[in-house]
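Working notes, structure below.
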Amino acid sequence: MKSFAFSILIAVLTLLVLLFITNPSVLDDIWLWLIGFAGFIIAFFENIFRNITKPFSKKDKETQLTEPPEVSKSDLENKVENLIQVIEKKEKLEASNSSFNGTTINVLRYFDDGETTLGLMFIKNEFFAYTLEDTHQEVKIPSETRIPAGNYSVEFRKEDTELTQKYRTRYNWFNYHLEIKNIPDFQRVYIHIGNNRHDTGGCILIADGVNASSMEKTIQYSTRAFERFYKRIEALIEGGEKIRICISNEDWVKFLKNDITRYETI
């Protein structure tokens, strides 16, 4: 049997030699066929391996899709989300001056860690954005102190300041800064873009997200929130609407507590 197989091998080799001598191009074709055949064998075994491991890999993939890593929120952030829902259910959020005929922006401060103040902005009683300001100071420190609580008018400051030109160059929808007017001992206080206390300079920053779980409190997605805010307020002002901002300190939460139980049952 061994001699027969050996004879066949010798015959095949002899045939290949003769083919190469008489027609060298045939060997090229045979070589290409062998490469193709080897590729077929490799693909065959890869397919078998895939079929064997498919149930396990599919399970892992489904686990990744259905069980993403959890992003934990701080207790403060969870409480704020619940608070927003409660506030929006109240019949009237605006300040007591019912004689005002215009649009009211409410900023409700709810947290101050000695460096940063976080708040909630409502426009016409609907939640609009998160806010960030400097901390409270008994004695004003320029560019590091939030403005006092109170009711103030909001108007365009139609001056081509360096900051105004910077914004206008960056954003084609921007014209002039929206200034909070008539604040005792404060001037040039704007509502603008920023993410942390280093960006405020005493102004109010707005954003679509807040990170209250980190050591340094920050807000996120500020540019898109500001663009939405700016276009809305600009349209109101151009339409002849008066705009005011009513800012409340953290003690407003205490006054709301008496109403929370009633509104949670709605």
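Letters for chains follow the order of the structure tokens (A, B, ...), residue numbers begin at 1 for each chain, and ligand numbers begin at 1 in the order shown.
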Do you have, as JSON lines, the list of residues of region 212-254 of chain A lying at most 6 Å from region 99-119 of chain A, each with its nearest atom pair and that distance in Å to one decimal, counting only C-alpha atoms and ordered by chain then number?
```
{"residue": "A:Glu241", "atom": "CA", "partner": "A:Gly102", "partner_atom": "CA", "distance": 5.7}
{"residue": "A:Lys242", "atom": "CA", "partner": "A:Gly102", "partner_atom": "CA", "distance": 4.8}
{"residue": "A:Ile243", "atom": "CA", "partner": "A:Thr103", "partner_atom": "CA", "distance": 5.0}
{"residue": "A:Arg244", "atom": "CA", "partner": "A:Thr104", "partner_atom": "CA", "distance": 5.1}
{"residue": "A:Ile245", "atom": "CA", "partner": "A:Ile105", "partner_atom": "CA", "distance": 4.5}
{"residue": "A:Cys246", "atom": "CA", "partner": "A:Asn106", "partner_atom": "CA", "distance": 4.8}
{"residue": "A:Ile247", "atom": "CA", "partner": "A:Val107", "partner_atom": "CA", "distance": 4.8}
{"residue": "A:Ser248", "atom": "CA", "partner": "A:Leu108", "partner_atom": "CA", "distance": 5.1}
{"residue": "A:Asn249", "atom": "CA", "partner": "A:Arg109", "partner_atom": "CA", "distance": 5.2}
{"residue": "A:Glu250", "atom": "CA", "partner": "A:Tyr110", "partner_atom": "CA", "distance": 4.7}
```
**Item:** All strand (DSSP E or B) residues (DSSP, backbone) inside region 68-169 of chain A, as a VMD selection string
**Value:** chain A and resid 103 to 112 116 to 123 126 to 134 150 to 157
Those residues with C-alpha atoms, as a PDB file, in the first residue's frame please?
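Saved the output as again35.pdb:
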```pdb
ATOM      1  CA  THR A 103     -42.301  88.168  29.609  1.00  0.00           C
ATOM      2  CA  THR A 104     -40.804  87.056  32.917  1.00  0.00           C
ATOM      3  CA  ILE A 105     -37.615  85.018  33.190  1.00  0.00           C
ATOM      4  CA  ASN A 106     -37.332  83.331  36.579  1.00  0.00           C
ATOM      5  CA  VAL A 107     -33.967  82.197  37.939  1.00  0.00           C
ATOM      6  CA  LEU A 108     -34.362  80.059  41.057  1.00  0.00           C
ATOM      7  CA  ARG A 109     -31.057  79.509  42.830  1.00  0.00           C
ATOM      8  CA  TYR A 110     -30.979  76.221  44.697  1.00  0.00           C
ATOM      9  CA  PHE A 111     -27.334  75.532  45.577  1.00  0.00           C
ATOM     10  CA  ASP A 112     -24.239  77.496  46.610  1.00  0.00           C
ATOM     11  CA  THR A 116     -20.456  78.317  42.562  1.00  0.00           C
ATOM     12  CA  THR A 117     -24.193  78.950  42.514  1.00  0.00           C
ATOM     13  CA  LEU A 118     -26.485  76.626  40.561  1.00  0.00           C
ATOM     14  CA  GLY A 119     -30.007  77.571  39.524  1.00  0.00           C
ATOM     15  CA  LEU A 120     -32.990  76.808  37.322  1.00  0.00           C
ATOM     16  CA  MET A 121     -34.299  79.127  34.612  1.00  0.00           C
ATOM     17  CA  PHE A 122     -37.981  79.257  33.733  1.00  0.00           C
ATOM     18  CA  ILE A 123     -39.555  81.340  30.969  1.00  0.00           C
ATOM     19  CA  GLU A 126     -41.841  76.550  31.872  1.00  0.00           C
ATOM     20  CA  PHE A 127     -38.393  75.138  32.614  1.00  0.00           C
ATOM     21  CA  PHE A 128     -35.889  76.414  30.047  1.00  0.00           C
ATOM     22  CA  ALA A 129     -32.292  75.833  31.179  1.00  0.00           C
ATOM     23  CA  TYR A 130     -29.841  75.362  34.032  1.00  0.00           C
ATOM     24  CA  THR A 131     -27.898  78.363  35.295  1.00  0.00           C
ATOM     25  CA  LEU A 132     -24.513  78.901  36.908  1.00  0.00           C
ATOM     26  CA  GLU A 133     -23.239  81.993  38.719  1.00  0.00           C
ATOM     27  CA  ASP A 134     -20.532  83.053  41.110  1.00  0.00           C
ATOM     28  CA  GLY A 150     -34.482  90.849  42.792  1.00  0.00           C
ATOM     29  CA  ASN A 151     -36.435  91.872  39.709  1.00  0.00           C
ATOM     30  CA  TYR A 152     -34.555  93.538  36.857  1.00  0.00           C
ATOM     31  CA  SER A 153     -35.209  94.518  33.276  1.00  0.00           C
ATOM     32  CA  VAL A 154     -33.392  92.774  30.406  1.00  0.00           C
ATOM     33  CA  GLU A 155     -32.411  94.776  27.333  1.00  0.00           C
ATOM     34  CA  PHE A 156     -29.858  94.752  24.548  1.00  0.00           C
ATOM     35  CA  ARG A 157     -26.698  96.671  25.296  1.00  0.00           C
TER      36      ARG A 157
END
```
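The interatomic distance for the pair CA of Ile84 (chain A) and CA of Asn125 (chain A) works out to 10.6 Å.
The space separating CA of Asp208 (chain A) from CA of Gln220 (chain A) comes to 6.1 Å.
Inside region 144-175 of chain A, the residues DSSP reads as alpha helix (DSSP H) when given the backbone are Glu162, Leu163, Thr164, Gln165, Lys166, Tyr167, Arg168, Thr169 and Arg170 of chain A.
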Requested write-out: N, CA and C atoms of the selected residues, as a PDB file, in the first residue's frame:
```
ATOM      1  N   GLU A 162     -15.614  94.738  23.088  1.00  0.00           N
ATOM      2  CA  GLU A 162     -14.715  93.678  22.640  1.00  0.00           C
ATOM      3  C   GLU A 162     -15.387  92.308  22.737  1.00  0.00           C
ATOM      4  N   LEU A 163     -16.132  92.080  23.821  1.00  0.00           N
ATOM      5  CA  LEU A 163     -16.826  90.809  23.996  1.00  0.00           C
ATOM      6  C   LEU A 163     -17.945  90.655  22.974  1.00  0.00           C
ATOM      7  N   THR A 164     -18.650  91.745  22.693  1.00  0.00           N
ATOM      8  CA  THR A 164     -19.720  91.702  21.695  1.00  0.00           C
ATOM      9  C   THR A 164     -19.162  91.338  20.327  1.00  0.00           C
ATOM     10  N   GLN A 165     -18.062  91.954  19.943  1.00  0.00           N
ATOM     11  CA  GLN A 165     -17.453  91.662  18.656  1.00  0.00           C
ATOM     12  C   GLN A 165     -16.960  90.220  18.585  1.00  0.00           C
ATOM     13  N   LYS A 166     -16.455  89.717  19.694  1.00  0.00           N
ATOM     14  CA  LYS A 166     -15.996  88.327  19.752  1.00  0.00           C
ATOM     15  C   LYS A 166     -17.151  87.365  19.510  1.00  0.00           C
ATOM     16  N   TYR A 167     -18.285  87.614  20.155  1.00  0.00           N
ATOM     17  CA  TYR A 167     -19.462  86.771  19.963  1.00  0.00           C
ATOM     18  C   TYR A 167     -19.998  86.895  18.535  1.00  0.00           C
ATOM     19  N   ARG A 168     -20.011  88.103  18.024  1.00  0.00           N
ATOM     20  CA  ARG A 168     -20.561  88.333  16.686  1.00  0.00           C
ATOM     21  C   ARG A 168     -19.730  87.633  15.616  1.00  0.00           C
ATOM     22  N   THR A 169     -18.407  87.597  15.829  1.00  0.00           N
ATOM     23  CA  THR A 169     -17.531  86.895  14.889  1.00  0.00           C
ATOM     24  C   THR A 169     -17.754  85.391  14.940  1.00  0.00           C
ATOM     25  N   ARG A 170     -18.021  84.884  16.126  1.00  0.00           N
ATOM     26  CA  ARG A 170     -18.167  83.437  16.305  1.00  0.00           C
ATOM     27  C   ARG A 170     -19.553  82.931  15.927  1.00  0.00           C
TER      28      ARG A 170
END
```
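Every protein, DNA or RNA residue with an atom at most 12 Å from Asp199 (chain A), where only C-alpha atoms count and chain neighbours fewer than 6 positions away do not, is listed here: Thr116, Leu132, Glu133, Asp134, Ser143, Glu144, Tyr190, Ile191, His192, Ile193, Leu205, Ile206, Thr218, Ile219 and Ser222 of chain A.
Minimum atom-to-atom distances from A:Thr135, A:Asn175, A:Glu81, A:Asn211 to Arg197 (chain A) were compared using only C-alpha atoms, and the lowest value belongs to A:Thr135.
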**Prompt:** What gap, in Å, lies between CA of Ala207 (chain A) and CA of Val139 (chain A)?
**Reply:** 27.8 Å
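The residue that comes closest to Phe174 (chain A), out of A:Thr223, A:Thr14, A:Gln85, A:Asn78 and on the basis of only C-alpha atoms, is A:Thr223.
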**Item:** Near-Lys158 (chain A) list (8 Å; only C-alpha atoms; drop same-chain fewer than 2 positions) as a ChimeraX atom specification
**Value:** /A:156,160,176-177
